[in-house]
Each structure stands twice: as C-alpha cells, then as structure tokens.
$ cat model30.txt   # compact mmCIF, C-alpha atoms and all ligand atoms
# COMPACT_ATOMS: atom_id res chain seq x y z
CA MET A 1 22.05 37.09 22.48
CA ASP A 2 24.61 35.14 24.34
CA HIS A 3 23.62 35.72 27.93
CA PRO A 4 21.80 34.17 30.88
CA ARG A 5 19.93 31.97 28.45
CA ARG A 6 22.83 29.64 28.67
CA ASN A 7 21.32 28.78 32.04
CA PHE A 8 18.35 27.34 30.23
CA LEU A 9 20.56 24.93 28.33
CA GLN A 10 17.94 22.67 27.04
CA LYS A 11 17.76 18.98 27.15
CA LEU A 12 18.57 17.73 23.73
CA VAL A 13 15.66 15.60 22.71
CA ALA A 14 16.16 12.52 20.64
CA SER A 15 15.98 13.57 17.03
CA ALA A 16 13.14 11.10 16.45
CA ALA A 17 10.99 13.27 18.68
CA VAL A 18 11.61 16.27 16.47
CA VAL A 19 9.64 15.02 13.50
CA PRO A 20 6.09 15.26 14.85
CA LEU A 21 6.78 18.77 16.15
CA LEU A 22 7.01 20.19 12.75
CA SER A 23 3.70 19.07 11.44
CA PRO A 24 2.54 22.27 9.72
CA TYR A 25 5.80 22.92 7.97
CA ARG A 26 6.78 19.30 7.56
CA ALA A 27 3.54 18.65 5.73
CA LEU A 28 4.24 21.55 3.42
CA ALA A 29 7.84 20.50 2.90
CA GLN A 30 6.81 16.95 2.09
CA ALA A 31 4.15 18.14 -0.30
CA ASP A 32 6.74 20.33 -2.02
CA ARG A 33 9.20 17.49 -2.27
CA ALA A 34 6.55 15.17 -3.59
CA SER A 35 5.62 17.68 -6.25
CA THR A 36 9.15 18.43 -7.36
CA GLY A 37 10.53 14.98 -6.59
CA SER A 38 13.89 16.59 -5.92
CA HIS A 39 16.89 15.96 -3.63
CA GLN A 40 15.09 14.12 -0.88
CA GLY A 41 18.27 12.68 0.50
CA LYS A 42 20.75 15.50 -0.04
CA THR A 43 22.57 16.98 2.96
CA LEU A 44 23.34 20.68 3.31
CA ARG A 45 27.08 21.07 3.89
CA VAL A 46 27.69 24.18 5.94
CA ALA A 47 30.86 26.11 6.75
CA LEU A 48 30.62 28.02 10.04
CA MET A 49 32.24 31.45 10.04
CA GLY A 50 33.18 32.92 13.43
CA LEU A 51 33.82 30.24 16.01
CA GLY A 52 32.42 32.02 19.07
CA SER A 53 29.80 31.10 21.62
CA TYR A 54 26.75 30.98 19.34
CA ALA A 55 28.63 29.07 16.65
CA ALA A 56 29.51 26.49 19.32
CA ARG A 57 25.83 26.06 20.10
CA VAL A 58 24.96 25.76 16.40
CA ALA A 59 27.74 23.24 15.79
CA GLU A 60 26.61 21.07 18.72
CA ALA A 61 22.96 21.26 17.63
CA MET A 62 23.90 20.33 14.07
CA GLN A 63 25.23 17.01 15.33
CA SER A 64 21.55 16.00 15.65
CA CYS A 65 20.53 17.27 12.21
CA LYS A 66 19.15 14.89 9.62
CA ARG A 67 19.83 17.06 6.61
CA ALA A 68 22.63 19.48 7.54
CA LYS A 69 26.21 19.01 8.68
CA VAL A 70 29.25 21.07 9.60
CA ALA A 71 31.53 20.67 6.58
CA GLY A 72 33.80 23.72 6.85
CA LEU A 73 35.20 26.19 9.36
CA ILE A 74 36.32 29.81 9.06
CA SER A 75 38.20 31.50 11.90
CA GLY A 76 41.07 33.89 12.53
CA THR A 77 42.38 31.64 15.31
CA PRO A 78 44.44 28.64 14.11
CA SER A 79 44.04 26.77 17.41
CA LYS A 80 40.23 26.99 17.12
CA LEU A 81 40.35 25.66 13.57
CA GLN A 82 42.42 22.75 14.82
CA GLU A 83 40.26 22.06 17.87
CA TRP A 84 36.88 22.44 16.12
CA GLY A 85 38.16 20.58 13.07
CA THR A 86 39.03 17.59 15.20
CA LYS A 87 35.85 17.77 17.25
CA PHE A 88 33.44 18.07 14.29
CA GLY A 89 35.40 16.02 11.78
CA VAL A 90 36.21 18.87 9.38
CA PRO A 91 39.32 18.05 7.35
CA GLU A 92 42.14 20.58 7.15
CA LYS A 93 41.43 21.38 3.49
CA ASN A 94 37.98 22.70 4.49
CA ARG A 95 39.34 25.08 7.16
CA TYR A 96 39.83 28.74 6.25
CA ASP A 97 40.76 32.07 7.81
CA TYR A 98 39.31 35.54 7.19
CA GLU A 99 41.94 36.34 4.57
CA ASN A 100 41.64 33.26 2.41
CA PHE A 101 38.01 32.19 2.71
CA ASP A 102 37.20 33.48 -0.81
CA ARG A 103 38.88 30.24 -1.90
CA ILE A 104 35.78 28.45 -0.71
CA LYS A 105 34.59 29.12 -4.25
CA ASN A 106 36.63 26.14 -5.38
CA ASP A 107 35.62 23.91 -2.48
CA PRO A 108 33.12 21.33 -3.76
CA ASP A 109 32.44 20.16 -0.19
CA ILE A 110 30.64 23.36 0.89
CA ASP A 111 27.09 24.44 -0.09
CA ALA A 112 26.57 27.34 2.32
CA VAL A 113 28.42 29.54 4.79
CA TYR A 114 26.77 30.40 8.12
CA ILE A 115 28.05 33.83 9.28
CA ILE A 116 28.09 34.01 13.10
CA THR A 117 30.38 36.99 13.67
CA PRO A 118 29.76 40.44 15.22
CA ASN A 119 26.93 42.27 13.45
CA ALA A 120 28.94 44.95 11.67
CA LEU A 121 31.01 42.32 9.85
CA HIS A 122 28.02 40.55 8.30
CA ARG A 123 27.66 42.74 5.23
CA ASP A 124 31.16 42.44 3.83
CA GLN A 125 31.46 38.78 4.77
CA ALA A 126 28.12 37.94 3.15
CA ILE A 127 29.11 39.72 -0.04
CA ARG A 128 32.36 37.76 -0.20
CA VAL A 129 30.53 34.48 0.38
CA ALA A 130 28.01 35.34 -2.34
CA LYS A 131 30.83 36.18 -4.75
CA ALA A 132 32.31 32.78 -3.96
CA GLY A 133 29.06 31.28 -5.21
CA LYS A 134 27.91 29.80 -1.91
CA HIS A 135 24.52 30.28 -0.20
CA VAL A 136 24.62 32.67 2.74
CA ILE A 137 23.05 31.99 6.12
CA CYS A 138 23.60 35.03 8.32
CA GLU A 139 22.93 35.56 11.98
CA LYS A 140 20.58 38.27 13.19
CA PRO A 141 20.69 41.20 12.88
CA MET A 142 21.41 40.54 9.22
CA ALA A 143 23.36 43.82 9.08
CA VAL A 144 23.58 47.04 11.06
CA ASN A 145 21.21 49.10 8.91
CA ALA A 146 18.85 48.72 5.96
CA LYS A 147 21.35 50.06 3.42
CA GLU A 148 23.86 47.35 4.31
CA GLY A 149 21.09 44.77 4.34
CA GLN A 150 20.04 45.83 0.86
CA ASP A 151 23.66 45.48 -0.33
CA MET A 152 23.60 41.87 0.90
CA VAL A 153 20.27 41.10 -0.76
CA ASP A 154 21.56 42.58 -4.03
CA ALA A 155 24.90 40.75 -3.88
CA CYS A 156 23.20 37.41 -3.32
CA ALA A 157 20.72 38.06 -6.13
CA ASP A 158 23.56 39.05 -8.48
CA ALA A 159 25.50 35.90 -7.59
CA GLY A 160 22.45 33.65 -7.90
CA VAL A 161 22.74 32.36 -4.33
CA LYS A 162 20.17 32.39 -1.55
CA LEU A 163 20.37 34.52 1.59
CA LEU A 164 18.79 33.27 4.81
CA VAL A 165 18.77 34.83 8.28
CA GLY A 166 19.17 32.78 11.46
CA TYR A 167 15.65 33.42 12.73
CA ARG A 168 15.42 30.23 14.76
CA MET A 169 12.00 31.11 16.26
CA HIS A 170 10.45 30.75 12.81
CA PHE A 171 10.76 27.00 13.20
CA GLU A 172 9.90 26.69 16.90
CA PRO A 173 6.87 24.42 17.41
CA LYS A 174 4.88 26.43 20.02
CA THR A 175 5.47 29.61 18.06
CA LEU A 176 4.26 27.89 14.90
CA GLU A 177 1.18 26.64 16.73
CA VAL A 178 0.23 30.19 17.74
CA ILE A 179 0.73 31.30 14.15
CA ARG A 180 -1.42 28.37 12.93
CA MET A 181 -4.17 29.33 15.38
CA ARG A 182 -4.03 32.97 14.35
CA LYS A 183 -4.32 32.00 10.68
CA ALA A 184 -7.24 29.70 11.53
CA GLY A 185 -9.01 32.68 13.11
CA ASP A 186 -8.90 31.30 16.67
CA PHE A 187 -8.04 34.70 18.16
CA GLY A 188 -10.40 36.68 15.94
CA SER A 189 -9.01 39.91 14.59
CA ILE A 190 -5.79 40.81 16.41
CA SER A 191 -5.84 44.04 18.36
CA PHE A 192 -2.65 44.11 20.47
CA PHE A 193 0.82 42.58 20.80
CA GLN A 194 3.31 43.10 23.58
CA GLY A 195 6.96 42.04 23.25
CA LEU A 196 9.35 42.36 26.19
CA CYS A 197 12.94 41.41 25.39
CA GLY A 198 15.93 42.10 27.58
CA PHE A 199 18.65 41.02 29.93
CA ARG A 200 21.27 42.75 32.03
CA ILE A 201 24.46 42.71 30.02
CA GLY A 202 27.78 42.04 31.75
CA ASP A 203 31.34 42.75 30.58
CA PRO A 204 31.51 46.42 29.46
CA ASP A 205 34.34 45.62 27.03
CA GLN A 206 32.47 43.08 24.87
CA TRP A 207 31.76 43.78 21.19
CA ARG A 208 28.02 44.01 21.88
CA LEU A 209 28.69 47.35 23.61
CA ASN A 210 30.98 48.61 20.87
CA LYS A 211 29.04 50.57 18.25
CA ALA A 212 31.62 49.86 15.55
CA LEU A 213 31.06 46.11 15.86
CA ALA A 214 27.49 45.89 17.14
CA GLY A 215 25.94 48.71 15.11
CA GLY A 216 23.91 49.77 18.15
CA GLY A 217 22.93 48.28 21.47
CA SER A 218 20.12 46.16 22.87
CA LEU A 219 17.81 46.80 19.92
CA MET A 220 20.24 45.14 17.48
CA ASP A 221 20.79 42.14 19.69
CA ILE A 222 17.63 41.41 21.64
CA GLY A 223 15.02 44.04 20.69
CA ILE A 224 15.04 42.59 17.20
CA TYR A 225 13.17 39.58 18.64
CA ALA A 226 10.28 41.84 19.63
CA ILE A 227 10.31 43.55 16.22
CA ASN A 228 10.38 40.29 14.32
CA GLY A 229 7.98 38.63 16.78
CA ALA A 230 5.43 41.44 16.46
CA ARG A 231 5.40 40.77 12.72
CA TYR A 232 5.04 36.99 12.83
CA MET A 233 2.58 36.99 15.74
CA VAL A 234 0.27 39.71 14.35
CA GLY A 235 0.82 38.47 10.80
CA GLU A 236 1.21 41.94 9.28
CA ASP A 237 3.99 44.40 8.59
CA PRO A 238 3.81 47.65 10.58
CA VAL A 239 3.14 50.99 8.88
CA TRP A 240 4.39 53.32 11.61
CA VAL A 241 6.62 53.33 14.66
CA THR A 242 7.18 55.61 17.64
CA ALA A 243 10.02 55.08 20.13
CA GLN A 244 11.57 56.44 23.31
CA GLN A 245 15.04 55.79 24.68
CA THR A 246 16.24 55.86 28.27
CA LYS A 247 19.85 55.55 29.43
CA THR A 248 20.81 55.15 33.08
CA ASP A 249 24.49 54.29 32.50
CA PRO A 250 26.09 56.47 29.80
CA VAL A 251 29.55 55.16 30.65
CA LYS A 252 28.69 51.55 29.86
CA PHE A 253 26.26 52.45 27.08
CA LYS A 254 28.18 54.96 25.00
CA GLU A 255 26.93 57.17 22.17
CA GLY A 256 25.11 55.03 19.63
CA VAL A 257 24.76 52.05 21.98
CA ASP A 258 21.20 51.91 23.27
CA GLU A 259 20.50 50.64 26.76
CA THR A 260 16.69 50.65 26.87
CA ILE A 261 14.20 51.51 24.13
CA GLN A 262 10.43 51.30 24.26
CA PHE A 263 8.71 51.34 20.91
CA GLN A 264 5.21 51.11 19.52
CA LEU A 265 4.15 49.77 16.14
CA GLY A 266 0.95 50.31 14.19
CA PHE A 267 -0.34 47.76 11.68
CA PRO A 268 -2.61 48.23 8.65
CA SER A 269 -5.52 46.41 10.36
CA GLY A 270 -5.41 48.88 13.25
CA ALA A 271 -3.64 46.44 15.59
CA VAL A 272 -0.92 48.03 17.73
CA ALA A 273 2.19 46.69 19.45
CA SER A 274 4.04 47.91 22.51
CA CYS A 275 7.59 46.61 22.98
CA LEU A 276 10.58 46.93 25.26
CA SER A 277 14.22 46.24 24.41
CA THR A 278 16.84 46.49 27.12
CA TYR A 279 20.35 45.55 28.23
CA GLN A 280 19.65 46.73 31.76
CA MET A 281 16.83 44.52 33.13
CA ASN A 282 16.60 40.79 33.68
CA HIS A 283 13.79 38.27 33.18
CA LEU A 284 12.28 39.94 30.13
CA ASP A 285 11.35 37.39 27.49
CA ARG A 286 7.61 37.57 26.99
CA PHE A 287 5.16 37.85 24.10
CA PHE A 288 1.47 38.51 24.64
CA MET A 289 -1.12 38.91 21.93
CA THR A 290 -4.83 39.49 22.18
CA GLY A 291 -7.63 39.48 19.65
CA GLU A 292 -11.42 39.74 19.60
CA GLN A 293 -11.87 36.10 20.54
CA GLY A 294 -8.78 34.98 22.42
CA PHE A 295 -5.18 35.47 23.46
CA ALA A 296 -1.74 33.86 23.28
CA GLU A 297 1.11 34.21 25.72
CA LEU A 298 4.67 32.92 25.34
CA GLN A 299 7.11 33.18 28.25
CA PRO A 300 9.92 32.50 27.67
CA ALA A 301 9.16 33.51 24.10
CA THR A 302 12.55 33.59 22.36
CA GLY A 303 15.16 32.02 24.66
CA TYR A 304 16.83 28.77 23.73
CA GLY A 305 13.96 27.00 25.36
CA PRO A 306 11.94 25.24 26.33
CA ILE A 307 9.49 27.90 25.17
CA GLU A 308 6.42 27.92 27.40
CA GLY A 309 3.03 29.25 26.46
CA ARG A 310 -0.72 29.19 26.64
CA THR A 311 -3.71 30.50 24.80
CA HIS A 312 -7.35 31.04 25.79
CA LYS A 313 -7.77 27.36 24.83
CA GLY A 314 -5.14 26.06 27.25
CA GLU A 315 -1.44 25.25 27.57
CA LEU A 316 0.70 24.82 24.46
CA THR A 317 2.03 21.29 24.69
CA GLN A 318 4.26 20.86 21.65
CA PRO A 319 7.46 19.23 22.96
CA HIS A 320 10.75 21.09 22.99
CA ALA A 321 13.49 20.43 20.49
CA MET A 322 16.80 22.20 20.06
CA HIS A 323 16.00 25.29 17.98
CA GLN A 324 19.20 25.26 15.98
CA THR A 325 18.75 21.61 15.01
CA ILE A 326 15.28 22.23 13.58
CA GLN A 327 16.40 25.48 11.96
CA MET A 328 19.31 23.90 10.11
CA ASP A 329 17.29 20.91 8.91
CA GLU A 330 14.56 23.22 7.63
CA MET A 331 17.10 25.53 6.04
CA ALA A 332 18.48 22.50 4.20
CA GLY A 333 15.00 22.01 2.76
CA ILE A 334 14.81 25.68 1.75
CA LEU A 335 18.26 25.80 0.15
CA LEU A 336 18.36 22.36 -1.45
CA ASP A 337 14.72 21.73 -2.31
CA GLY A 338 13.27 25.24 -2.60
CA ASN A 339 10.86 24.64 0.29
CA THR A 340 8.82 27.57 1.58
CA PRO A 341 8.80 28.05 5.37
CA VAL A 342 5.65 29.15 7.23
CA VAL A 343 7.41 32.39 8.23
CA PRO A 344 10.05 33.65 5.77
CA VAL A 345 13.72 33.60 6.75
CA ASP A 346 15.11 35.19 3.59
CA GLY A 347 17.05 38.40 3.09
CA GLU A 348 13.89 40.41 2.42
CA GLU A 349 12.61 39.33 5.83
CA GLY A 350 15.87 40.41 7.48
CA LEU A 351 15.73 43.69 5.58
CA LYS A 352 12.25 44.51 6.90
CA ASP A 353 13.53 44.26 10.48
CA LEU A 354 16.50 46.49 9.62
CA LYS A 355 14.16 49.12 8.14
CA ILE A 356 12.17 49.05 11.38
CA ILE A 357 15.39 49.31 13.43
CA ASP A 358 16.48 52.34 11.37
CA ALA A 359 13.07 53.92 11.97
CA ILE A 360 13.14 53.20 15.72
CA TYR A 361 16.53 54.91 16.05
CA ALA A 362 15.20 57.83 13.95
CA ALA A 363 12.12 58.04 16.18
CA CYS A 364 14.31 58.06 19.31
CA GLY A 365 16.45 60.82 17.82
CA THR A 366 13.63 63.05 16.59
CA GLY A 367 10.84 62.18 19.00
CA ARG A 368 8.58 61.89 15.97
CA LYS A 369 6.44 59.09 14.61
CA GLN A 370 8.07 57.40 11.60
CA GLU A 371 6.08 56.06 8.66
CA LEU A 372 7.24 52.64 7.46
CA ARG A 373 7.17 51.35 3.91
CA LEU A 374 8.43 47.81 4.11
CA GLY A 375 7.44 46.88 0.57
P1 LIG B 401 30.92 35.81 20.20
O1 LIG B 401 31.68 37.00 20.65
O2 LIG B 401 30.77 34.68 21.17
O3 LIG B 401 31.57 35.21 18.88
C1 LIG B 401 31.94 36.04 17.81
C2 LIG B 401 33.01 35.36 17.00
O4 LIG B 401 33.41 36.23 15.94
C3 LIG B 401 34.28 35.05 17.83
O5 LIG B 401 34.72 33.76 17.54
C4 LIG B 401 35.27 36.08 17.34
O6 LIG B 401 36.59 35.61 17.41
C5 LIG B 401 34.84 36.27 15.90
N1 LIG B 401 35.29 37.52 15.30
C6 LIG B 401 35.72 37.63 14.03
N2 LIG B 401 36.12 38.87 13.77
C7 LIG B 401 35.93 39.57 14.89
C8 LIG B 401 36.17 40.92 15.25
N3 LIG B 401 36.66 41.82 14.38
N4 LIG B 401 35.85 41.31 16.49
C9 LIG B 401 35.32 40.45 17.39
N5 LIG B 401 35.10 39.15 17.10
C10 LIG B 401 35.39 38.71 15.87
O7 LIG B 401 29.49 36.33 19.72
P2 LIG B 401 28.20 35.44 19.49
O8 LIG B 401 27.37 35.50 20.70
O9 LIG B 401 28.58 34.13 18.96
O10 LIG B 401 27.43 36.31 18.35
C11 LIG B 401 27.81 36.26 16.99
C12 LIG B 401 26.57 36.59 16.12
O11 LIG B 401 25.55 35.64 16.39
C13 LIG B 401 25.96 37.96 16.37
O12 LIG B 401 25.50 38.51 15.17
C14 LIG B 401 24.80 37.66 17.29
O13 LIG B 401 23.75 38.60 17.18
C15 LIG B 401 24.36 36.31 16.78
N6 LIG B 401 23.69 35.49 17.81
C16 LIG B 401 22.50 34.94 17.52
C17 LIG B 401 21.85 34.16 18.45
C18 LIG B 401 20.54 33.51 18.13
O14 LIG B 401 19.91 32.99 19.04
N7 LIG B 401 20.14 33.50 16.88
C19 LIG B 401 22.42 33.97 19.70
C20 LIG B 401 23.65 34.53 19.98
C21 LIG B 401 24.28 35.30 19.01
$ encode --input "model30.txt" --output "structure tokens" --more "lines below"
Ligand code: NAD
Amino acid sequence: MDHPRRNFLQKLVASAAVVPLLSPYRALAQADRASTGSHQGKTLRVALMGLGSYAARVAEAMQSCKRAKVAGLISGTPSKLQEWGTKFGVPEKNRYDYENFDRIKNDPDIDAVYIITPNALHRDQAIRVAKAGKHVICEKPMAVNAKEGQDMVDACADAGVKLLVGYRMHFEPKTLEVIRMRKAGDFGSISFFQGLCGFRIGDPDQWRLNKALAGGGSLMDIGIYAINGARYMVGEDPVWVTAQQTKTDPVKFKEGVDETIQFQLGFPSGAVASCLSTYQMNHLDRFFMTGEQGFAELQPATGYGPIEGRTHKGELTQPHAMHQTIQMDEMAGILLDGNTPVVPVDGEEGLKDLKIIDAIYAACGTGRKQELRLG
C-alpha cells in the first residue's frame, strides 16, 4: 500500500504525546508487566528485510520508538546496505544479503526480523528467519494464500519463535476507541459494516501487478484492510462470503491480478458487511459501522493518518501518532514481555485473513457463496 497516502505524510508527533493515546492497551500492558515483573527496560532489536519504500517509512518511524530499534539490515543491494547502515547506525557486521541472512542465527544483536518484501517472498523468508531462531514480524498480506500462511505459522511454532503481522491499525488510537466503545455496548448489537479500500495504481510494471510476486491484485494489497477491518470493527469472524469481480483494463490487470472486487461477509450474530477493494478508483478509504444504538465512521480509516472519525456521540479526538512507531513499541511488549494486544497481530490472525482472501477469490471464480471456518 505504497501509493497516494504518501501525500498524507503525517506530522511526527513528539513521542511524549504518544503515551496517553494508548490508554486501553497501555493499561493492559502495564498490568501485565506489573504481574510478571519482566523486562521493563529491554529494547527489541529488529533487522529490516527488504529496504524498499515501506521499510523506509518503518525505519524512520522507529527512530521515535521507546522500546524498538533498527539493529540489522537485509538487502540484495550493497549500496542500500551501506547507505541505510550509515543513516540508522547499523554496523557492517549486522548487515546481510538474501543469500547469507541465515547467519543471523549467530547474531546476538538481533531479536526479530521484520520482512517488508513483495508478498510472495514472505513465506520462504519467514521460514528461514524462524529456522535462524529469530522472531518474525511480517508485512501484510502475511503470505499469498492460507496454505503458505499455515506453513509460516507451523515453522514459527516448530522453532519456538513468535510470528507477528504488520497490522498497524490494531494499535491506532481512534480505531481502538471505536473498538472500546463497541465492547462497552455503545453501538448496541452491530448490524452492518462497510469497508471501502482502494486507490488508482500507477506504473504497470511494478511487482504489485505481477501475480508471481504479489499473489493477486488489489485484494492482497488494499482489500485486506477491509477484510481485517470488518473483523476488528464488528468483533466477530465471518462465517460466509460472496464476491464479484470487475475488470475494466485486462492489459494492466492480467490473469490472476484483480482490479476491483466487491465482497460481502456474514457474521454469526447476523451482522453483514459490504466491502470494495480496488486498484482503479481513488479516494476510497472509509469504514462505516452501524448498530442498534449508534454508529461509527472512520475516513480515512487505514491510511498513514491522521485517521479521522466520528460516532453518534461526536468526533473522535484521540491525537495522531505515527502508526509504525506505536506498532513497533507495542510489538516490543508482545515479543519481549508476552503482552496481549487488544486486537491480535499474530500468525493466526494473519491466517484468518488469508482464508478469507482464498474464499473471496473462490467466490469470484465460481459465483457461489463460500462457507468460512476460521477456527
Ligand atoms: P517496495 O517495492 O517499495 O519494496 C520492496 C523491497 O523488496 C525492495 O527494496 C526490493 O528491492 C525488495 N525485493 C527483494 N526481493 C525482491 C524481488 N524478488 N522482487 C522485487 N523486490 C524485491 O514495496 P513496499 O511498498 O515496501 O512493500 C513491501 C511489503 O510491505 C509488501 O508486502 C506490502 O504489502 C507491505 N506494505 C505494507 C504497508 C502497511 O501500511 N502496512 C504499506 C506498504 C507496503
């Protein structure tokens, strides 16, 4: 999702302002730490794999982290290793390429590897990182289908390391406030969610439009926000999905690369969701949810921010903070202290979205409703 959102490049707020934003989770994290009394001061040392545009954003944001730092780099481009190494203070001995990064096993300076490469590479890279005994943080989509996602979950379990997915919205303050209100019953029972996610993609030669690297099209990249958002906003996992695909430009969007998909989800409570994922329309970044007693609206809902939103009770006023800064500090708490986030970011969570993606593609192909068993 590297696209016009760059235009929203947020003001980096002073890290001191970040603390009060996190009240629901922070309180939980502090309670956990108090109860276990563990690692309060430890810093998560992260190696970034794939030094592209999103990794650059993560690396910059991590400069404001309290508990996480860039401690290693993995890239196939020696000049990037040199440049990033100098910029972020990563010594040469903690710089690797795609051939030799298994050696990270013997690197005592690295706790976790954050995989920020094209989607289809995530599975094999995650398995190698797990075998090297390091925690895996992997960008979304965690893999290109549920089978590959399951391989990653299994490999991390076998190696005794944790697997987290870069779901930055799970730590975003306005999003967390809507979730808090829903849990408190402020909306009553939820009846409907709408998720609109899309942008008009540019360069036809980029990996995002190459099935072999992207695993699909808009659904993998941007539609996944509506899938994941439907689940954390409604607070349930869907039990069925229907979907329809439209393609206006079959040259740009080749076989297996979706341009626009509309899909509908049904939840056990009877709530339904209606979502749109597209690479062909601009200004689509909106969540709307309604229940018996109220509503919530986020627009933009998943961009880099500031997220804006309101409910039937008024505007959401939680101040903006850089998503990737909060995410990495909270992930440090999860990996080092065993903290539990309000919305999961583990491999099982990533796997649920991949099962839904598989089912959406199956529904597009067959025209039939797909039952979901997310476990
Ligand atoms: P990008 O093209 O800017 O960067 C990809 C990096 O991977 C490049 O440095 C490239 O050199 C490297 N790479 C390694 N092997 C490669 C290969 N075989 N082919 C092509 N590139 C290869 O892409 P990006 O926007 O940084 O996206 C990377 C990942 O991050 C994707 O999974 C994407 O979905 C995810 N992402 C997440 C967010 C978010 O908000 N969470 C935003 C943007 C991207």
$ closest_residue --input "model30.txt" --among "A:Ala126, A:Met289, A:Met142, A:Ala271" --to "ligand LIG 401 (chain B)" --atoms "only C-alpha atoms and all ligand atoms"
A:Met142
$ closest_residue --input "model30.txt" --among "A:Lys93, A:Lys252, A:Arg180, A:Lys162" --to "Ile127 (chain A)" --atoms "all atoms listed in the file"
A:Lys162
$ closest_residue --input "model30.txt" --among "A:Ala155, A:Ala214, A:Met62, A:Leu276" --to "ligand LIG 401 (chain B)" --atoms "only C-alpha atoms and all ligand atoms"
A:Ala214
$ atom_distance --input "model30.txt" --atom1 "CA of Pro118 (chain A)" --atom2 "atom O6 of ligand LIG 401 (chain B)"
8.6 Å
$ residues_near_ligand --input "model30.txt" --ligand "ligand LIG 401 (chain B)" --cutoff "10 Å" --atoms "all atoms listed in the file" --output "NGL selection string"
:A and (1-3 or 5-6 or 49-58 or 74-77 or 80 or 97-98 or 114-122 or 138-144 or 165-169 or 206-208 or 210 or 212-214 or 220-222 or 224-225 or 302-304 or 323-324)
$ atom_distance --input "model30.txt" --atom1 "CA of Ala71 (chain A)" --atom2 "CA of Leu44 (chain A)"
8.8 Å
$ residues_around --input "model30.txt" --residues "region 238-243 of chain A" --least-positions-apart "2" --cutoff "12 Å" --atoms "all atoms listed in the file" --output "tab-separated table (two decimals) with C-alpha atoms, in the coordinates of the input"
chain	number	residue	atom	x	y	z
A	193	PHE	CA	0.82	42.58	20.80
A	219	LEU	CA	17.81	46.80	19.92
A	227	ILE	CA	10.31	43.55	16.22
A	228	ASN	CA	10.38	40.29	14.32
A	229	GLY	CA	7.98	38.63	16.78
A	230	ALA	CA	5.43	41.44	16.46
A	231	ARG	CA	5.40	40.77	12.72
A	232	TYR	CA	5.04	36.99	12.83
A	233	MET	CA	2.58	36.99	15.74
A	234	VAL	CA	0.27	39.71	14.35
A	235	GLY	CA	0.82	38.47	10.80
A	236	GLU	CA	1.21	41.94	9.28
A	245	GLN	CA	15.04	55.79	24.68
A	246	THR	CA	16.24	55.86	28.27
A	260	THR	CA	16.69	50.65	26.87
A	261	ILE	CA	14.20	51.51	24.13
A	262	GLN	CA	10.43	51.30	24.26
A	263	PHE	CA	8.71	51.34	20.91
A	264	GLN	CA	5.21	51.11	19.52
A	265	LEU	CA	4.15	49.77	16.14
A	266	GLY	CA	0.95	50.31	14.19
A	267	PHE	CA	-0.34	47.76	11.68
A	268	PRO	CA	-2.61	48.23	8.65
A	269	SER	CA	-5.52	46.41	10.36
A	270	GLY	CA	-5.41	48.88	13.25
A	271	ALA	CA	-3.64	46.44	15.59
A	272	VAL	CA	-0.92	48.03	17.73
A	273	ALA	CA	2.19	46.69	19.45
A	274	SER	CA	4.04	47.91	22.51
A	275	CYS	CA	7.59	46.61	22.98
A	276	LEU	CA	10.58	46.93	25.26
A	277	SER	CA	14.22	46.24	24.41
A	352	LYS	CA	12.25	44.51	6.90
A	353	ASP	CA	13.53	44.26	10.48
A	355	LYS	CA	14.16	49.12	8.14
A	356	ILE	CA	12.17	49.05	11.38
A	357	ILE	CA	15.39	49.31	13.43
A	358	ASP	CA	16.48	52.34	11.37
A	359	ALA	CA	13.07	53.92	11.97
A	360	ILE	CA	13.14	53.20	15.72
A	361	TYR	CA	16.53	54.91	16.05
A	362	ALA	CA	15.20	57.83	13.95
A	363	ALA	CA	12.12	58.04	16.18
A	364	CYS	CA	14.31	58.06	19.31
A	365	GLY	CA	16.45	60.82	17.82
A	366	THR	CA	13.63	63.05	16.59
A	367	GLY	CA	10.84	62.18	19.00
A	368	ARG	CA	8.58	61.89	15.97
A	369	LYS	CA	6.44	59.09	14.61
A	370	GLN	CA	8.07	57.40	11.60
A	371	GLU	CA	6.08	56.06	8.66
A	372	LEU	CA	7.24	52.64	7.46
A	373	ARG	CA	7.17	51.35	3.91
A	374	LEU	CA	8.43	47.81	4.11
A	375	GLY	CA	7.44	46.88	0.57
$ atom_distance --input "model30.txt" --atom1 "CA of Ile104 (chain A)" --atom2 "CA of Asp124 (chain A)"
15.4 Å
$ residues_around --input "model30.txt" --residues "Val153 (chain A)" --least-positions-apart "3" --cutoff "10 Å" --atoms "only C-alpha atoms" --output "ChimeraX atom specification"
/A:123,126-127,130,147-150,156-158,161-164,346-348,350-351
$ closest_residue --input "model30.txt" --among "A:Val46, A:Val129, A:Met322, A:Val113" --to "Ala68 (chain A)" --atoms "only C-alpha atoms"
A:Val46
$ closest_residue --input "model30.txt" --among "A:Gly294, A:Pro108, A:Gly202, A:Gly333" --to "Gly314 (chain A)" --atoms "only C-alpha atoms"
A:Gly294
$ closest_residue --input "model30.txt" --among "A:Asp258, A:Glu60, A:Ala112, A:Glu297" --to "Lys87 (chain A)" --atoms "all atoms listed in the file"
A:Glu60
$ residues_around --input "model30.txt" --residues "Asn282 (chain A)" --least-positions-apart "6" --cutoff "10 Å" --atoms "all atoms listed in the file" --output "list in words"
Pro4, Cys197, Gly198, Phe199, Arg200 and Ile201 of chain A
$ residues_near_point --input "model30.txt" --point "(-12.1, 34.8, 22.9)" --cutoff "8 Å" --atoms "all atoms listed in the file" --output "list in words"
Asp186, Phe187, Gly188, Gly291, Glu292, Gln293, Gly294, Phe295 and His312 of chain A
